[in-house]
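**Q** Just so it is clear, I am handing over coords02.txt, which has compact mmCIF, C-alpha atoms and all ligand atoms.
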```txt
# COMPACT_ATOMS: atom_id res chain seq x y z
CA MET A 311 103.78 102.75 117.72
CA SER A 312 102.53 103.62 114.22
CA TRP A 313 103.96 106.76 112.61
CA TYR A 314 100.68 108.49 113.40
CA ASN A 315 100.99 107.71 117.09
CA GLU A 316 104.57 108.97 117.08
CA VAL A 317 103.47 112.24 115.53
CA GLU A 318 100.52 112.60 117.88
CA TYR A 319 102.84 111.99 120.81
CA ILE A 320 105.08 114.87 119.76
CA ARG A 321 102.14 117.22 119.05
CA LYS A 322 100.65 116.39 122.42
CA GLN A 323 103.88 117.36 124.21
CA ALA A 324 103.92 120.69 122.36
CA LYS A 325 100.32 121.32 123.37
CA LYS A 326 101.01 120.40 127.00
CA ASN A 327 104.04 122.69 126.97
CA ASN A 328 101.87 125.55 125.71
CA GLU A 329 99.34 124.85 128.45
CA PHE A 330 102.05 124.66 131.10
CA PHE A 331 103.54 128.01 130.14
CA SER A 332 100.20 129.79 129.81
CA ASN A 333 99.33 128.77 133.38
CA SER A 334 102.76 129.53 134.89
CA LEU A 335 104.96 132.49 135.70
CA PRO A 336 107.82 132.40 133.15
CA MET A 337 110.75 134.14 134.84
CA ILE A 338 113.87 132.90 133.06
CA ALA A 339 115.81 136.08 132.33
CA SER A 340 116.93 134.96 128.85
CA GLU A 341 113.48 133.94 127.61
CA ASN A 342 110.64 135.75 125.90
CA VAL A 343 107.67 135.13 123.61
CA LEU A 344 107.16 136.05 119.98
CA SER A 345 104.62 138.51 118.66
CA PRO A 346 101.99 137.15 116.23
CA LEU A 347 103.57 138.95 113.26
CA CYS A 348 107.02 137.52 114.04
CA ARG A 349 105.48 134.08 114.38
CA GLU A 350 103.89 134.41 110.97
CA MET A 351 107.35 134.77 109.39
CA LEU A 352 108.51 131.53 111.02
CA ILE A 353 105.95 129.49 109.09
CA SER A 354 106.50 131.38 105.82
CA ASP A 355 108.26 129.88 102.80
CA PHE A 356 111.48 131.67 103.79
CA HIS A 357 111.96 128.71 106.04
CA GLY A 358 114.25 126.19 104.46
CA ARG A 359 115.47 128.42 101.59
CA TYR A 360 119.12 129.04 100.98
CA ALA A 361 120.83 132.42 100.78
CA GLU A 362 124.57 132.41 101.35
CA GLY A 363 126.42 135.71 101.04
CA THR A 364 124.84 139.16 101.15
CA PRO A 365 121.88 140.77 99.32
CA GLY A 366 122.73 140.99 95.63
CA HIS A 367 125.78 138.73 96.02
CA ARG A 368 124.38 135.23 96.34
CA TYR A 369 125.51 131.71 95.67
CA TYR A 370 121.88 130.65 95.07
CA GLU A 371 119.04 131.94 92.90
CA GLY A 372 115.53 132.63 94.21
CA CYS A 373 116.61 135.31 96.66
CA THR A 374 114.93 138.39 95.12
CA PHE A 375 112.34 138.82 97.86
CA PHE A 376 114.57 137.65 100.66
CA ASP A 377 117.22 140.19 99.60
CA ARG A 378 114.67 142.94 100.20
CA VAL A 379 113.84 141.51 103.62
CA GLU A 380 117.48 141.27 104.66
CA GLU A 381 118.16 144.82 103.42
CA LYS A 382 115.17 146.00 105.48
CA ALA A 383 116.32 144.06 108.55
CA MET A 384 119.77 145.69 108.35
CA GLU A 385 118.24 149.13 107.84
CA LEU A 386 115.95 148.73 110.87
CA ALA A 387 118.77 147.32 113.02
CA LYS A 388 120.98 150.31 112.19
CA LYS A 389 118.15 152.67 113.10
CA LEU A 390 117.48 150.85 116.36
CA PHE A 391 121.12 150.83 117.48
CA LYS A 392 122.07 154.14 115.83
CA CYS A 393 124.97 152.69 113.87
CA SER A 394 126.36 152.33 110.37
CA TYR A 395 126.91 148.55 110.27
CA ALA A 396 124.55 145.67 111.10
CA ASP A 397 124.82 141.97 110.35
CA VAL A 398 121.58 140.10 110.99
CA ARG A 399 122.82 136.71 109.79
CA PRO A 400 124.19 135.04 112.97
CA THR A 401 121.86 132.21 113.96
CA ALA A 402 122.41 132.74 117.71
CA GLY A 403 124.19 135.02 120.15
CA THR A 404 126.82 132.32 120.48
CA THR A 405 127.27 132.23 116.68
CA ALA A 406 127.71 136.02 116.68
CA ASN A 407 130.41 135.70 119.35
CA MET A 408 132.13 132.91 117.42
CA ALA A 409 132.13 135.08 114.29
CA ILE A 410 133.77 137.95 116.19
CA LEU A 411 136.42 135.67 117.70
CA LYS A 412 137.08 134.19 114.25
CA ALA A 413 137.27 137.65 112.66
CA LEU A 414 139.45 139.44 115.20
CA MET A 415 141.61 136.78 116.87
CA LYS A 416 144.00 133.99 116.01
CA PRO A 417 144.54 130.82 118.07
CA GLY A 418 146.96 131.38 120.93
CA GLU A 419 146.21 135.10 121.27
CA THR A 420 144.94 136.57 124.54
CA ALA A 421 141.55 138.04 125.46
CA THR A 422 140.49 139.49 128.81
CA VAL A 423 137.12 138.27 130.13
CA LEU A 424 134.88 137.92 133.14
CA ASP A 425 134.92 134.61 135.06
CA LEU A 426 131.99 132.23 134.64
CA ALA A 427 131.40 132.25 138.41
CA ASN A 428 130.99 136.02 138.24
CA GLY A 429 128.31 135.85 135.58
CA ALA A 430 130.14 135.46 132.26
CA HIS A 431 128.68 133.36 129.44
CA ILE A 432 130.20 130.09 128.31
CA SER A 433 130.83 131.41 124.77
CA PHE A 434 133.64 133.51 126.26
CA GLY A 435 134.86 130.62 128.44
CA LYS A 436 137.45 127.94 127.82
CA TRP A 437 134.78 125.22 127.36
CA GLY A 438 132.88 127.33 124.83
CA ALA A 439 133.54 129.29 121.63
CA ALA A 440 136.67 131.01 122.98
CA GLY A 441 138.14 127.59 123.81
CA VAL A 442 137.20 126.24 120.37
CA ARG A 443 139.10 129.17 118.82
CA GLY A 444 142.10 128.38 121.07
CA ILE A 445 142.05 131.75 122.83
CA ASN A 446 144.10 132.32 125.96
CA LEU A 447 141.70 133.83 128.54
CA LEU A 448 142.61 136.06 131.50
CA SER A 449 139.93 137.18 133.97
CA TYR A 450 139.07 140.62 135.28
CA PRO A 451 138.82 140.99 139.04
CA PHE A 452 135.22 141.35 140.23
CA SER A 453 133.55 143.33 143.01
CA ASP A 454 130.87 141.22 144.75
CA GLU A 455 129.49 144.26 146.51
CA GLU A 456 129.04 146.25 143.31
CA MET A 457 128.21 143.10 141.30
CA ASN A 458 130.44 144.47 138.58
CA ILE A 459 133.85 144.27 136.95
CA ASP A 460 136.42 145.84 139.30
CA VAL A 461 137.28 148.70 136.99
CA ASP A 462 140.73 149.61 138.38
CA GLY A 463 141.82 145.96 138.43
CA ALA A 464 140.49 145.40 134.91
CA ILE A 465 142.34 148.45 133.54
CA LYS A 466 145.55 147.23 135.18
CA LEU A 467 145.07 143.76 133.65
CA ILE A 468 144.42 145.15 130.15
CA LYS A 469 147.47 147.44 130.33
CA LYS A 470 149.67 144.60 131.61
CA VAL A 471 148.71 141.76 129.27
CA LYS A 472 147.84 143.85 126.16
CA PRO A 473 145.10 141.53 124.92
CA LYS A 474 143.92 141.41 121.32
CA LEU A 475 140.33 141.77 122.55
CA ALA A 476 138.86 143.06 125.80
CA LEU A 477 135.54 141.21 126.11
CA ASN A 478 132.45 142.20 128.05
CA GLY A 479 129.99 139.31 128.16
CA ARG A 480 127.63 138.89 131.09
CA SER A 481 124.81 136.40 131.69
CA VAL A 482 124.31 137.84 135.16
CA PHE A 483 124.05 141.49 134.23
CA LEU A 484 122.51 143.58 137.02
CA PHE A 485 124.37 146.86 136.46
CA PRO A 486 125.98 148.49 133.41
CA SER A 487 129.65 147.62 132.83
CA PRO A 488 132.35 150.35 133.01
CA ILE A 489 132.64 150.43 129.22
CA LYS A 490 134.15 153.92 128.79
CA GLU A 491 137.04 153.02 131.08
CA LEU A 492 137.61 149.55 129.61
CA ALA A 493 137.43 150.84 126.04
CA GLU A 494 139.98 153.57 126.77
CA ALA A 495 142.39 151.05 128.30
CA ALA A 496 141.84 148.61 125.43
CA HIS A 497 142.39 151.27 122.77
CA ASP A 498 145.58 152.45 124.54
CA VAL A 499 147.11 149.00 124.00
CA GLY A 500 145.72 148.55 120.46
CA ALA A 501 142.92 146.15 121.49
CA TYR A 502 139.27 146.16 120.46
CA LEU A 503 136.48 146.31 123.05
CA VAL A 504 133.75 143.75 122.32
CA TYR A 505 130.41 144.15 124.09
CA ASP A 506 128.24 141.04 124.18
CA ALA A 507 124.73 142.42 124.69
CA ALA A 508 122.97 139.03 124.50
CA HIS A 509 120.80 139.73 127.55
CA VAL A 510 120.44 143.48 127.44
CA LEU A 511 120.02 144.10 123.69
CA GLY A 512 116.35 145.10 124.06
CA LEU A 513 117.14 147.42 126.98
CA ILE A 514 119.84 149.11 124.89
CA GLY A 515 117.52 149.33 121.85
CA GLY A 516 114.86 150.78 124.19
CA LYS A 517 117.39 153.39 125.42
CA GLN A 518 117.14 152.30 129.06
CA PHE A 519 120.62 150.83 129.62
CA GLN A 520 124.15 151.95 128.74
CA ASP A 521 124.87 152.74 125.08
CA PRO A 522 127.99 150.65 124.36
CA LEU A 523 128.73 151.90 120.83
CA ARG A 524 128.69 155.51 122.08
CA ASP A 525 130.74 154.57 125.17
CA GLY A 526 133.60 153.21 123.05
CA ALA A 527 132.80 149.57 122.24
CA ASP A 528 134.09 148.69 118.78
CA VAL A 529 131.57 145.96 118.16
CA MET A 530 128.44 144.68 119.85
CA SER A 531 126.91 141.21 119.53
CA GLY A 532 123.57 140.05 120.90
CA SER A 533 120.74 137.55 120.96
CA THR A 534 117.51 138.60 119.24
CA HIS A 535 115.17 136.66 121.54
CA LYS A 536 115.79 137.87 125.09
CA THR A 537 114.99 141.43 126.18
CA LEU A 538 114.74 142.09 122.44
CA PRO A 539 111.69 139.87 121.93
CA GLY A 540 112.30 138.55 118.42
CA PRO A 541 112.99 135.09 116.98
CA GLN A 542 115.85 132.95 118.25
CA GLY A 543 118.97 134.33 116.64
CA GLY A 544 121.90 136.69 116.89
CA MET A 545 123.26 139.87 115.38
CA ILE A 546 126.37 142.05 115.23
CA VAL A 547 126.50 145.84 115.04
CA SER A 548 129.33 148.34 114.86
CA ASP A 549 129.75 152.06 114.29
CA PRO A 550 133.29 152.99 113.29
CA ASP A 551 134.05 156.71 113.57
CA GLY A 552 135.30 157.06 110.03
CA ASP A 553 135.42 155.45 106.65
CA THR A 554 139.15 154.74 106.53
CA ASP A 555 140.77 151.69 104.93
CA GLU A 556 141.31 150.38 108.46
CA ASP A 557 137.58 150.72 109.27
CA LYS A 558 136.62 149.03 106.02
CA SER A 559 139.04 146.17 106.64
CA PHE A 560 137.65 145.77 110.20
CA LEU A 561 134.07 145.49 108.91
CA ARG A 562 135.12 143.18 106.07
CA LYS A 563 136.73 140.87 108.65
CA LEU A 564 133.57 140.88 110.77
CA GLY A 565 131.44 139.96 107.75
CA PHE A 566 133.86 137.23 106.74
CA GLY A 567 133.70 135.89 110.30
CA VAL A 568 129.93 135.37 109.89
CA PHE A 569 130.09 133.95 106.35
CA PRO A 570 131.90 131.77 105.48
CA GLY A 571 133.17 131.71 109.09
CA VAL A 572 130.30 130.31 111.11
CA THR A 573 127.21 130.20 108.90
CA SER A 574 126.11 128.73 105.58
CA SER A 575 122.44 129.49 104.97
CA TYR A 576 121.24 131.41 107.95
CA HIS A 577 117.59 130.61 108.75
CA LEU A 578 115.92 133.13 106.45
CA HIS A 579 112.55 132.91 108.22
CA HIS A 580 114.31 134.05 111.38
CA VAL A 581 115.87 137.00 109.55
CA ALA A 582 112.38 138.04 108.36
CA ALA A 583 111.07 137.73 111.93
CA LYS A 584 114.07 139.74 113.20
CA ALA A 585 113.11 142.55 110.80
CA ILE A 586 109.60 142.61 112.26
CA ALA A 587 110.94 142.48 115.82
CA PHE A 588 113.18 145.50 115.07
CA ALA A 589 110.20 147.41 113.67
CA GLU A 590 108.14 146.53 116.76
CA HIS A 591 110.99 147.50 119.07
CA LEU A 592 111.42 150.87 117.33
CA GLU A 593 107.74 151.50 118.09
CA PHE A 594 107.31 149.91 121.53
CA GLY A 595 110.86 149.21 122.79
CA GLU A 596 111.27 152.29 124.95
CA ALA A 597 108.05 151.73 126.92
CA TYR A 598 108.71 147.99 127.11
CA ALA A 599 112.30 148.32 128.37
CA LYS A 600 111.26 150.96 130.93
CA GLN A 601 108.56 148.70 132.38
CA ILE A 602 110.84 145.63 132.40
CA ILE A 603 113.34 147.50 134.58
CA LYS A 604 110.67 149.04 136.83
CA ASN A 605 109.23 145.56 137.36
CA ALA A 606 112.65 144.04 138.13
CA GLN A 607 113.41 146.77 140.69
CA SER A 608 110.02 146.50 142.31
CA PHE A 609 110.17 142.68 142.41
CA ALA A 610 113.66 142.79 143.98
CA GLN A 611 112.46 145.26 146.63
CA SER A 612 109.44 143.06 147.49
CA LEU A 613 111.60 139.94 147.76
CA HIS A 614 114.03 141.81 150.01
CA GLU A 615 111.19 143.00 152.25
CA LYS A 616 109.85 139.44 152.50
CA GLY A 617 113.20 138.17 153.79
CA PHE A 618 115.16 137.05 150.70
CA LYS A 619 118.84 137.85 150.22
CA VAL A 620 118.91 139.86 146.99
CA PHE A 621 122.24 140.89 145.43
CA GLY A 622 123.10 144.54 144.76
CA GLU A 623 121.18 145.95 147.73
CA LYS A 624 123.36 149.07 148.08
CA LEU A 625 122.80 150.00 144.45
CA GLY A 626 119.04 149.41 144.35
CA PHE A 627 119.30 145.68 143.48
CA THR A 628 119.24 146.01 139.68
CA LYS A 629 119.29 148.39 136.74
CA SER A 630 118.39 145.68 134.23
CA HIS A 631 115.77 142.96 133.72
CA GLN A 632 117.49 140.59 136.18
CA ILE A 633 117.45 139.85 139.88
CA LEU A 634 120.01 137.56 141.56
CA LEU A 635 119.10 135.76 144.78
CA SER A 636 121.37 133.97 147.22
CA ILE A 637 119.42 130.96 148.37
CA GLY A 638 121.89 129.04 150.57
CA PRO A 639 125.06 127.01 149.87
CA GLY A 640 124.38 124.53 147.04
CA LYS A 641 120.61 125.09 147.34
CA GLY A 642 119.87 126.70 143.94
CA ARG A 643 118.71 123.50 142.23
CA GLU A 644 116.35 122.50 145.04
CA ALA A 645 114.83 126.01 145.09
CA SER A 646 114.28 126.14 141.31
CA LYS A 647 112.58 122.70 141.45
CA LYS A 648 110.31 123.82 144.29
CA LEU A 649 109.34 126.88 142.30
CA GLU A 650 108.63 124.80 139.20
CA ASP A 651 106.32 122.59 141.25
CA ALA A 652 104.55 125.79 142.27
CA GLY A 653 104.17 126.94 138.64
CA ILE A 654 107.07 129.42 138.60
CA VAL A 655 109.80 128.85 135.99
CA THR A 656 113.32 130.07 136.90
CA ASN A 657 116.89 128.81 136.74
CA MET A 658 119.50 128.00 139.35
CA ASN A 659 122.61 130.14 138.97
CA THR A 660 126.10 130.50 140.33
CA ILE A 661 126.71 133.45 142.61
CA PRO A 662 130.09 135.01 143.45
CA GLY A 663 132.20 132.47 145.32
CA ASP A 664 130.45 129.39 143.87
CA LYS A 665 132.82 126.70 142.61
CA ASP A 666 130.41 124.03 141.38
CA PRO A 667 128.13 125.10 138.49
CA LEU A 668 126.02 121.95 138.94
CA ASN A 669 125.25 122.81 142.57
CA PRO A 670 125.07 126.58 142.67
CA SER A 671 123.77 128.70 145.50
CA GLY A 672 121.61 131.19 143.66
CA LEU A 673 118.59 131.83 141.49
CA ARG A 674 118.60 134.22 138.52
CA LEU A 675 115.21 135.78 137.84
CA GLY A 676 113.96 137.99 135.02
CA THR A 677 110.94 140.15 134.24
CA PRO A 678 110.90 140.42 130.39
CA GLU A 679 108.17 137.86 129.76
CA LEU A 680 105.92 138.88 132.67
CA THR A 681 106.16 142.48 131.45
CA ARG A 682 105.19 141.46 127.92
CA LEU A 683 102.11 139.81 129.43
CA GLY A 684 101.06 143.19 130.82
CA MET A 685 102.20 142.87 134.44
CA LYS A 686 103.27 145.94 136.40
CA GLU A 687 104.69 146.74 139.86
CA LYS A 688 101.54 145.65 141.74
CA GLU A 689 101.75 142.17 140.25
CA MET A 690 105.45 141.95 141.17
CA ASP A 691 104.56 142.22 144.84
CA GLU A 692 101.95 139.46 144.51
CA ILE A 693 104.50 137.23 142.78
CA ALA A 694 107.06 137.87 145.53
CA GLU A 695 104.44 136.54 147.96
CA PHE A 696 104.25 133.29 145.92
CA TYR A 697 108.05 133.00 146.29
CA LYS A 698 107.78 133.50 150.04
CA ARG A 699 105.13 130.81 150.36
CA ALA A 700 107.20 128.37 148.28
CA LEU A 701 110.72 129.00 149.59
CA ILE A 702 110.47 130.60 153.05
CA ASP A 703 107.20 129.25 154.45
CA ASN A 704 107.58 125.90 152.64
CA LYS A 705 103.88 125.72 151.85
CA ASP A 706 102.33 123.01 149.68
CA PRO A 707 103.48 123.68 146.07
CA LYS A 708 100.20 122.27 144.67
CA ARG A 709 98.19 124.97 146.46
CA ILE A 710 100.56 127.68 145.22
CA LYS A 711 100.38 126.28 141.68
CA ALA A 712 96.59 126.50 141.73
CA ASP A 713 96.80 130.11 142.91
CA VAL A 714 99.40 130.94 140.24
CA LYS A 715 97.07 129.50 137.60
CA GLU A 716 94.22 131.67 138.85
CA PHE A 717 96.52 134.74 138.93
CA ARG A 718 97.66 134.08 135.32
CA LYS A 719 94.07 134.05 134.01
CA ASP A 720 94.11 137.85 133.79
CA PHE A 721 97.39 137.88 131.85
CA GLN A 722 96.97 136.00 128.60
CA GLU A 723 97.51 138.78 126.09
CA LEU A 724 100.76 140.07 124.60
CA TYR A 725 101.73 143.74 124.77
CA TYR A 726 104.41 145.91 123.13
CA CYS A 727 103.77 144.49 119.65
CA PHE A 728 101.62 145.27 116.59
CA LYS A 729 98.11 143.93 116.97
CA GLU A 730 95.86 146.34 115.10
CA GLY A 731 94.52 144.99 111.82
CA PHE A 732 95.79 141.53 112.65
CA ARG A 733 93.16 139.13 113.81
CA GLY A 734 95.81 137.06 115.53
CA TYR A 735 95.41 134.20 117.90
CA ASP A 736 96.19 133.48 121.48
CA TYR A 737 99.94 133.11 121.28
CA HIS A 738 99.91 129.95 123.38
CA GLU A 739 97.11 128.34 121.34
CA LEU A 740 99.30 127.81 118.33
CA ILE A 741 98.26 124.25 117.65
C1 LIG A 801 126.24 136.95 127.74
C2 LIG A 801 125.68 135.93 126.81
N1 LIG A 801 126.23 135.78 125.60
C3 LIG A 801 125.76 134.88 124.71
C4 LIG A 801 124.69 134.08 125.02
C5 LIG A 801 124.25 133.06 124.04
O1 LIG A 801 123.13 133.41 123.38
P1 LIG A 801 122.35 132.38 122.47
O2 LIG A 801 121.54 131.54 123.37
O3 LIG A 801 121.57 133.29 121.58
O4 LIG A 801 123.37 131.58 121.71
C6 LIG A 801 124.07 134.19 126.27
C7 LIG A 801 122.92 133.34 126.60
O5 LIG A 801 122.19 133.50 127.52
C8 LIG A 801 124.58 135.13 127.19
O6 LIG A 801 124.05 135.27 128.41
```
Can the structure in the file be given as C-alpha cells, please?
Ligand SMILES: Cc1ncc(COP(=O)(O)O)c(C=O)c1O
**A**
Amino acid sequence: MSWYNEVEYIRKQAKKNNEFFSNSLPMIASENVLSPLCREMLISDFHGRYAEGTPGHRYYEGCTFFDRVEEKAMELAKKLFKCSYADVRPTAGTTANMAILKALMKPGETATVLDLANGAHISFGKWGAAGVRGINLLSYPFSDEEMNIDVDGAIKLIKKVKPKLALNGRSVFLFPSPIKELAEAAHDVGAYLVYDAAHVLGLIGGKQFQDPLRDGADVMSGSTHKTLPGPQGGMIVSDPDGDTDEDKSFLRKLGFGVFPGVTSSYHLHHVAAKAIAFAEHLEFGEAYAKQIIKNAQSFAQSLHEKGFKVFGEKLGFTKSHQILLSIGPGKGREASKKLEDAGIVTNMNTIPGDKDPLNPSGLRLGTPELTRLGMKEKEMDEIAEFYKRALIDNKDPKRIKADVKEFRKDFQELYYCFKEGFRGYDYHELI
C-alpha cells in the first residue's frame, strides 16, 4: 500500500464509523456527542501546545490566550458546580481519580470502596489506579434490592477500619448514594469522602441528581464527556467550608496531584472545549438532565412491560441516565452482539452476583445520547419494541436494523447546545 492508500483506508473507516452511528441507536451510558462549538475547539491551534502549571505560572511561553481560556473554564466550572475550587486539567476521569489518590493517600494506606461486581469503576479497583498507587481496598456491603451501598454496613466498615479515604465511584449508578451518611462516618474517623461523578456529572450540573459537595463530599471528580456532553477529559472540584491553613493545604495537595502528579501538558484544545461545554450546560443542562432521566425511566418501564427483567423495580427502576437489565446467566455478550447486529449499540455488564467480567449476565443501557438527538418518552417506547423483537422474539436482526435506520432519519440534529449564529454542519458529516 502506498502512503496515500494507507491514509485513505483510515479516513474511510472514520467515515464508515460516522455513517454507522448516524443510522444506529447509541445507548452506551458513558458516551455522548460533541456540540459544533466544542468540536471547533478540538481543531484549533490549542491542540498540540504546551502549558504546564497554572495560568500565569507557566513553564512555557505562548500561553497568553490559553491562560484566559483556562481561567474562564475554571470560572464556569465553579459556577456550574457551585464551588470555590475547580481543576480542569485532568485528561480523563481516570486521571482525575489518580490525581486524588496521589494527593490524599500513600501506598499501603486503606480506602473503602464498592466492589467491581456491584458497579464500581476499575480506577478504584486493585487492577486500576488504586492498585497502581498501592492502596489497600476494603469493600462496602451492597443491597441488590436497593441497587445501592448498604448504608448501615458501610458506616460500620468505615468506623471499624478508619480508612484514609471513603470512596464513592459507580459505573452502574441507578440511584443516588447515601453521601450524607458516608461523609459523616468518614469525617468522624478523620477520613475524606471522595465522590467520583464520572457518569452523573451532567445530571449534578443540571441539578437533577444528588448534590455531593453540599451533602458532605470533600472532593468530586468526573469525566467531561458522559452526561456532561463535553470533550473527552476529566475535572476535579471541591468546596471547603473555610479558608483555613488546613483547607489551603488540602487544595494545594489536590493541585499537586494533577501537576506534576499525573499530567504534563494537558490537551489544551480539550480544556477550551470543556469551557464551552460548561457554558452550554449552564444554559441547557437543567432541561437536558431532566429529559435524560425522564427518558431512562420511561424506557425502563416499557422494557419491563414487554417482559424484560429490569433492576430497581421497587424504586422506579432508575433515578439517573442508566438502566440495568438482567439478561440470563452469562448471556450479556450474546445479547449486546445481537443488538449491535440490529443497529443498537450497548455494552454487556456485570450484575450483582456475577463472578466473571468477561461473561456477565447483564446489559447496561443509557439515554444521554438519544436525548441529545431530540428523543422523548414516546420514542423510548418504540425503542423498547426494537429490543423485544431482537432479544425476546429473536427476529431477524437485518430487518430490525433497517427499521432502526428508518426511525433514526427523523433524529439527526443535536439539541441542548448553542446553534444560533453558527452555520454548523451535520455533526456526523465531519469529513
Ligand atoms: C465511576 C467511573 N469513574 C471513572 C471512569 C473513567 O472515566 P474516563 O473514561 O474519563 O477515564 C468511569 C468510566 O466510565 C466511571 O464509570
**Q** What's around Cys373 in chain A at 12 Å? Count only C-alpha atoms, leave out sequence neighbours fewer than 2 positions away in its own chain, and write the answer as a PDB file with C-alpha atoms, in the coordinates of the input.
**A**
```
ATOM      1  CA  ASP A 355     108.260 129.880 102.800  1.00  0.00           C
ATOM      2  CA  PHE A 356     111.480 131.670 103.790  1.00  0.00           C
ATOM      3  CA  ARG A 359     115.470 128.420 101.590  1.00  0.00           C
ATOM      4  CA  TYR A 360     119.120 129.040 100.980  1.00  0.00           C
ATOM      5  CA  ALA A 361     120.830 132.420 100.780  1.00  0.00           C
ATOM      6  CA  GLU A 362     124.570 132.410 101.350  1.00  0.00           C
ATOM      7  CA  GLY A 363     126.420 135.710 101.040  1.00  0.00           C
ATOM      8  CA  THR A 364     124.840 139.160 101.150  1.00  0.00           C
ATOM      9  CA  PRO A 365     121.880 140.770  99.320  1.00  0.00           C
ATOM     10  CA  GLY A 366     122.730 140.990  95.630  1.00  0.00           C
ATOM     11  CA  HIS A 367     125.780 138.730  96.020  1.00  0.00           C
ATOM     12  CA  ARG A 368     124.380 135.230  96.340  1.00  0.00           C
ATOM     13  CA  TYR A 369     125.510 131.710  95.670  1.00  0.00           C
ATOM     14  CA  TYR A 370     121.880 130.650  95.070  1.00  0.00           C
ATOM     15  CA  GLU A 371     119.040 131.940  92.900  1.00  0.00           C
ATOM     16  CA  PHE A 375     112.340 138.820  97.860  1.00  0.00           C
ATOM     17  CA  PHE A 376     114.570 137.650 100.660  1.00  0.00           C
ATOM     18  CA  ASP A 377     117.220 140.190  99.600  1.00  0.00           C
ATOM     19  CA  ARG A 378     114.670 142.940 100.200  1.00  0.00           C
ATOM     20  CA  VAL A 379     113.840 141.510 103.620  1.00  0.00           C
ATOM     21  CA  GLU A 380     117.480 141.270 104.660  1.00  0.00           C
ATOM     22  CA  GLU A 381     118.160 144.820 103.420  1.00  0.00           C
ATOM     23  CA  SER A 575     122.440 129.490 104.970  1.00  0.00           C
ATOM     24  CA  LEU A 578     115.920 133.130 106.450  1.00  0.00           C
TER      25      LEU A 578
END
```
**Q** Once you count all atoms listed in the file, which residues end up within 9 Å of ligand LIG 801 (chain A), and could you hand them over as number ranges by chain?
**A** A: 339-341, 401-407, 429-434, 478-483, 506-510, 531-536, 542-544
**Q** For CA of Lys382 in chain A and CA of Ala582 in chain A, quote the distance in Å rounded to one decimal.
**A**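 Going from CA of Lys382 in chain A over to CA of Ala582 in chain A, I get 8.9 Å.
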**Q** Please work out which residues fall within 8 Å of (108.1, 145.7, 130.8), coordinates as given in the file, with all atoms listed in the file counting, and return them as a list in words.
**A**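 Here is the list of nearby residues: Ala597, Tyr598, Ala599, Lys600, Gln601, Ile602, Ile603, Lys604, Asn605, Thr677, Pro678, Glu679, Leu680, Thr681, Arg682, Gly684, Met685 and Lys686 of chain A.
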**Q** Write out as a Markdown table the residues of range 613-678 of chain A that have any atom within 9 Å of an atom of range 707-727 of chain A, one row each with the nearest atom pair and its distance in Å to one decimal, counting all atoms listed in the file, sorted by chain and then rising number.
**A**
```
| residue | atom | partner | partner_atom | distance |
| --- | --- | --- | --- | --- |
| A:Lys648 | CA | A:Pro707 | CA | 7.1 |
| A:Leu649 | CA | A:Pro707 | CA | 7.7 |
| A:Glu650 | CA | A:Pro707 | CA | 8.7 |
| A:Asp651 | CA | A:Pro707 | CA | 5.7 |
| A:Ala652 | CA | A:Lys711 | CA | 4.2 |
| A:Gly653 | CA | A:Lys711 | CA | 4.9 |
| A:Ile654 | CA | A:Val714 | CA | 8.0 |
```
**Q** For CA of Lys517 in chain A and CA of Ala585 in chain A, quote the distance in Å rounded to one decimal.
**A**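 Result for CA of Lys517 in chain A versus CA of Ala585 in chain A: 18.7 Å, one decimal.
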**Q** Go through A:Ser548, A:Gln632, A:Ser345, A:Ser334 and flag the residue nearest Met384 in chain A, using all atoms listed in the file for the distances.
**A**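 Nearest to Met384 in chain A: A:Ser548.
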**Q** Compare A:Lys705, A:Leu347, A:His580, A:Ala496 by their minimum atom-to-atom distance to Pro400 in chain A, counting only C-alpha atoms, and give me the closest one.
**A** A:His580
**Q** Of the candidates A:Ser630, A:His577, A:Leu492, A:Phe696, which shows the shortest atom-to-atom distance to Asp460 in chain A, using only C-alpha atoms?
**A** A:Leu492
**Q** In Å, how far is it from CA of Asp528 in chain A to CA of Lys558 in chain A?
**A** 13.0 Å
**Q** Check the smallest atom-to-atom distance from each of A:His591, A:His579, A:Arg321, A:Lys616 to Phe391 in chain A using only C-alpha atoms, then report the winner.
**A**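 Among the listed residues, the smallest separation from Phe391 in chain A belongs to A:His591.
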**Q** A:Lys325, A:Lys392, A:Lys688, A:Arg349: which is nearest Leu592 in chain A, counting only C-alpha atoms?
**A**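 Ranking A:Lys325, A:Lys392, A:Lys688, A:Arg349 by distance to Leu592 in chain A, first place goes to A:Lys392.
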**Q** Pick the closest to Leu344 in chain A from A:Ile445, A:Leu538, A:Leu511, A:Ala387: which is it, counting all atoms listed in the file?
**A**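 Answer, going by the shortest atom-to-atom distance: A:Leu538.
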**Q** Need to verify the contact set: Asp498 in chain A, 10 Å, all atoms listed in the file, exclusion of same-chain residues closer than 3 positions in sequence. Can you return it as number ranges by chain?
**A** A: 468-469, 472, 492-495, 501-502
